[in-house]
Amino acid sequence: MARSVTTQHKTIATVAAWIVALLIFFPILYTIITSFKSEQEAIQGFSIIPSGTFESYAEVQAQSGYFKFFFNSVLLSVGSTILALLVAIPAAWSMAFSPTKRTKDILMWMLSTKMMPAVAVLFPIYLIFRDTGLLDSRIGLMIMLMLINLPIVVWMLYTYFREIPGEILEAARMDGASLWNEIVYVLTPMAVPGIASTMLLNIILAWNEAFWTIRLTTTEAAPLTAFISSFSSPQGLFWAKLSAASTLAIAPILIMGWFSQKQLVRGLTFGAVK
Amino acid sequence: MATQQTRSLARFMMAPSVVLLFVWMIVPLVITIWFSFQQYNPLNPIRDGFVGFSNYALFYSNPAFLQSILNTLTLVVSVLLITVIGGILLALLIDQPMWGQGIVRILVISPFFVMPPVAALVWKNMIMHPQYGVFADIARFFGAQPIDWFGQHPMLAIIIIVAWQWLPFATLILLTALQSLDGEQKEAAEMDGAGFISRFIYLTLPHMSRAITVVILIQTIFLLSVYAEILVTTNGGPGYASTNLPFLVYQKALLEFKIGQASAGGVIAVILANIVAFFAMRAVGKNLDK
């Protein structure tokens with residue numbers, strides 16, 4: 001008796017959850033479906049079975065050189081992440097293992113820089129970039145993305161590093177390990193998972209950043225966010241092409257995101273929810 | 001001796017992050033504040049110079065300013081309400097035993113990974129388009145007139161899009177918090193005859209309160225600066241109907257070249273963000289003590 005109630009409960013929960021989940025996922029699903037339609041098909045009303053043509057994908061590449069933007073996105077998100085890690089790892093390491101009275105204040109202050117609205121400094125940044133020739137350059141944007149994500153990277157690394165037991169370091173020190181050996185042989189192997197998660201989350205954030213990447217680029221350094229925004233003033237039939245471009249723009253990060261759900265919670269809540 | 005060495009090493013290791021962030025925070029902010037007291041127009045430099053607070057006065061007397069503050073707050077509050085309440089309900093649902101929970105989670109979290117311009121364009125053209133959108137198809141199916149979302153209800157349309165982007169985030173974090181709830185406590189409450197509602201009010205909700213706080217604070221930071229979604233859908237219009245503060249500042253600076261007024265708007269945006277940040281920092285700081 002009790003068992004059948006449980007099964008019934010489970011069935012209801014399953015059906016309800018799947019309906020809600022599919023509704024939430026629907027805009028993405030429908031975009032993927034439409035990307036395999038022809039332009040004529042795309043405007044002929046609702047249908048979920050495409051003819052399976054790849055012509056939109058070919059056209060997106062032929063008309064706008066999609067892969068240049070894609071390449072910029074990869075370069076900017078990975079490049080800015082590596083830069084941020086290089087700067088943040090030493091900082092997080094020292095805060096986690098030799099904390100001082102001010103460590104907490106420094107962490108809070110770093111977080112507070114994240115609260116500054118980007119738009120408030122749009123014009124100064126624009127001027128600085130223009131005068132230093134960094135406007136529409138990949139290196140300039142890479143530095144920009146590094147700076148806006150640096151607080152999150154430091155925080156995330158800090159929460160991971162803090163979980164590494166300090167006794168292990170002490171033991172290594174007692175055995176006469178130098179600081180360098182300590183870092184290379186003891187700390188690094190234990191820190192790698194945390195660094196990898198941080199990297200993953202940061203690539204996602206940098207890939208999707210849609211203020212500076214749009215405003216500080218024109219053609220050369222423009223990543224996918226800028227490319228997609230150019231579809232906001234369409235000419236002619238473009239539904240299938242928009243879908244194809246959108247699918248290509250979100251696919252890599254969607255898949256990465258699926259694998260990093262746990263880290264995402266931790267990273268975006270600064271370790272407050274695990 | 002060794003500690004002295006370690007300490008200076010620690011300082012040395014922290015320096016790059018601290019210096020970079022300090023420069024990144026202070027230099028542009030000082031320039032913005034300076035410009036906010038200047039008349040500066042790159043296209044018409046004749047009257048450039050110090051003007052005191054008149055930029056603030058101009059910005060304030062501009063009807064678009066109050067509208068934009070109102071829109072900013074409407075957007076933040078509506079999206080918070082939808083995502084927190086929706087997120088709690090959804091987390092409770094997904095937390096139930098079911099088949100394919102992993103896939104449900106993946107489907108629900110997906111919109112969060114969609115970049116803002118894509119989210120906005122997909123909703124604008126595939127879903128809400130008055131002629132070719134899915135909503136229009138549904139309306140026609142029931143014999144109703146399709147709604148021109150961005151013409152008639154621009155703010156509502158943007159709220160729906162932004163809420164769709166952030167509901168997954170709220171759900172995921174609340175679900176994580178929910179799943180860390182002690183099973184024994186739940187069972188004990190059940191044995192004591194507590195119904196679903198009272199279990200929710202006296203056990204689940206208090207347990208989730210910290211996660212809810214975190215969701216509200218983090219979303220507020222991002223929602224105060226929504227930009228791309230407005231740029232690619234309504235472009236702030238019709239009129240100023242869907243212009244928020246960041247968008248107004250952008251318009252003043254890069255479209256009208258009224259740098260002084262834009263900077264004044266920027267300073268106001270900083271003050272607004274700081275009020276929120278004050279509460280955010282206190283809450284996050286408390287979590288750090290634990």
# chains A, B, ... in the order shown; residues from 1 in each chain; ligands from 1

$ closest_atom_pairs --of "chain A" --to "chain B" --cutoff "6 Å" --atoms "only C-alpha atoms" --output "JSON lines"
{"residue": "A:Lys10", "atom": "CA", "partner": "B:Met98", "partner_atom": "CA", "distance": 5.1}
{"residue": "A:Thr14", "atom": "CA", "partner": "B:Met98", "partner_atom": "CA", "distance": 4.9}
{"residue": "A:Ala21", "atom": "CA", "partner": "B:Val108", "partner_atom": "CA", "distance": 5.2}
{"residue": "A:Phe25", "atom": "CA", "partner": "B:Leu107", "partner_atom": "CA", "distance": 5.6}
{"residue": "A:Ile43", "atom": "CA", "partner": "B:Tyr132", "partner_atom": "CA", "distance": 5.7}
{"residue": "A:Val87", "atom": "CA", "partner": "B:Ser17", "partner_atom": "CA", "distance": 5.8}
{"residue": "A:Pro90", "atom": "CA", "partner": "B:Met13", "partner_atom": "CA", "distance": 5.0}
{"residue": "A:Ala91", "atom": "CA", "partner": "B:Met14", "partner_atom": "CA", "distance": 4.1}
{"residue": "A:Ser94", "atom": "CA", "partner": "B:Ala10", "partner_atom": "CA", "distance": 5.0}
{"residue": "A:Val119", "atom": "CA", "partner": "B:Pro246", "partner_atom": "CA", "distance": 5.6}
{"residue": "A:Ala120", "atom": "CA", "partner": "B:Gly266", "partner_atom": "CA", "distance": 3.8}
{"residue": "A:Val121", "atom": "CA", "partner": "B:Pro28", "partner_atom": "CA", "distance": 5.5}
{"residue": "A:Pro124", "atom": "CA", "partner": "B:Pro28", "partner_atom": "CA", "distance": 5.3}
{"residue": "A:Asn208", "atom": "CA", "partner": "B:Met115", "partner_atom": "CA", "distance": 4.6}
{"residue": "A:Ser229", "atom": "CA", "partner": "B:Pro117", "partner_atom": "CA", "distance": 5.7}
{"residue": "A:Ser232", "atom": "CA", "partner": "B:Val232", "partner_atom": "CA", "distance": 5.0}
{"residue": "A:Ser246", "atom": "CA", "partner": "B:Val118", "partner_atom": "CA", "distance": 5.9}
{"residue": "A:Ile250", "atom": "CA", "partner": "B:Val114", "partner_atom": "CA", "distance": 5.7}
{"residue": "A:Leu254", "atom": "CA", "partner": "B:Phe113", "partner_atom": "CA", "distance": 5.5}
{"residue": "A:Val265", "atom": "CA", "partner": "B:Ile173", "partner_atom": "CA", "distance": 5.8}

$ write_last_selection --atoms "C-alpha atoms" --output "PDB file, in the first residue's frame"
ATOM      1  CA  LYS A  10       7.011   9.710  -7.941  1.00  0.00           C
ATOM      2  CA  THR A  14       8.227  13.191 -12.646  1.00  0.00           C
ATOM      3  CA  ALA A  21      11.741  21.670 -17.366  1.00  0.00           C
ATOM      4  CA  PHE A  25      14.228  24.717 -22.016  1.00  0.00           C
ATOM      5  CA  ILE A  43       8.309  31.566 -40.910  1.00  0.00           C
ATOM      6  CA  VAL A  87      47.413  36.945 -10.781  1.00  0.00           C
ATOM      7  CA  PRO A  90      49.443  33.629  -5.473  1.00  0.00           C
ATOM      8  CA  ALA A  91      47.023  36.018  -3.783  1.00  0.00           C
ATOM      9  CA  SER A  94      48.799  33.566   0.641  1.00  0.00           C
ATOM     10  CA  VAL A 119      28.264  51.821 -17.075  1.00  0.00           C
ATOM     11  CA  ALA A 120      29.566  54.335 -14.524  1.00  0.00           C
ATOM     12  CA  VAL A 121      33.078  53.943 -15.848  1.00  0.00           C
ATOM     13  CA  PRO A 124      36.753  56.845 -18.815  1.00  0.00           C
ATOM     14  CA  ASN A 208      28.898  35.477 -21.838  1.00  0.00           C
ATOM     15  CA  SER A 229      23.995  41.739 -31.223  1.00  0.00           C
ATOM     16  CA  SER A 232      19.190  43.136 -33.668  1.00  0.00           C
ATOM     17  CA  SER A 246      22.714  31.416 -31.784  1.00  0.00           C
ATOM     18  CA  ILE A 250      25.766  28.905 -26.988  1.00  0.00           C
ATOM     19  CA  LEU A 254      26.044  25.081 -22.578  1.00  0.00           C
ATOM     20  CA  VAL A 265      26.805  27.271  -7.155  1.00  0.00           C
TER      21      VAL A 265
END

$ residues_around --residues "A:Ser38" --least-positions-apart "2" --cutoff "8 Å" --atoms "only C-alpha atoms" --output "list of chain:residue names"
A:Ser35, A:Phe36, A:Gln40, A:Glu41, A:Ala42, A:Ser51, A:Thr53, A:Glu55, A:Ser56, A:Ala240

$ write_last_selection --atoms "C-alpha atoms" --output "PDB file, in the first residue's frame"
ATOM      1  CA  SER A  35      18.485  26.283 -37.128  1.00  0.00           C
ATOM      2  CA  PHE A  36      17.907  23.128 -39.195  1.00  0.00           C
ATOM      3  CA  GLN A  40      10.878  29.656 -45.775  1.00  0.00           C
ATOM      4  CA  GLU A  41      10.109  26.884 -43.313  1.00  0.00           C
ATOM      5  CA  ALA A  42      11.110  29.041 -40.371  1.00  0.00           C
ATOM      6  CA  SER A  51      13.655  19.431 -42.830  1.00  0.00           C
ATOM      7  CA  THR A  53      19.003  21.283 -43.839  1.00  0.00           C
ATOM      8  CA  GLU A  55      22.100  25.657 -45.285  1.00  0.00           C
ATOM      9  CA  SER A  56      21.676  28.249 -42.502  1.00  0.00           C
ATOM     10  CA  ALA A 240      16.899  30.291 -39.520  1.00  0.00           C
TER      11      ALA A 240
END

$ residues_around --residues "A:Pro223" --least-positions-apart "2" --cutoff "12 Å" --atoms "only C-alpha atoms" --output "PyMOL selection string"
(chain A and resi 65-77+136-138+141-142+206-221+225-230+249) or (chain B and resi 115+117)

$ residues_around --residues "A:Leu264" --least-positions-apart "6" --cutoff "9 Å" --atoms "only C-alpha atoms" --output "list in words"
Ser197, Thr198, Leu200, Leu201 and Gly257 of chain A; Ile173 of chain B

$ write_last_selection --atoms "C-alpha atoms" --output "tab-separated table (two decimals), in the first residue's frame"
chain	number	residue	atom	x	y	z
A	197	SER	CA	36.66	24.42	-11.39
A	198	THR	CA	37.55	28.08	-11.08
A	200	LEU	CA	35.66	26.47	-15.95
A	201	LEU	CA	33.35	28.96	-14.26
A	257	GLY	CA	27.97	24.52	-18.02
B	173	ILE	CA	21.24	27.46	-5.63

$ residues_around --residues "stretch 185-190 of chain B" --least-positions-apart "2" --cutoff "10 Å" --atoms "only C-alpha atoms" --output "ChimeraX atom specification"
/B:181-183,192-196,198-200,202-204
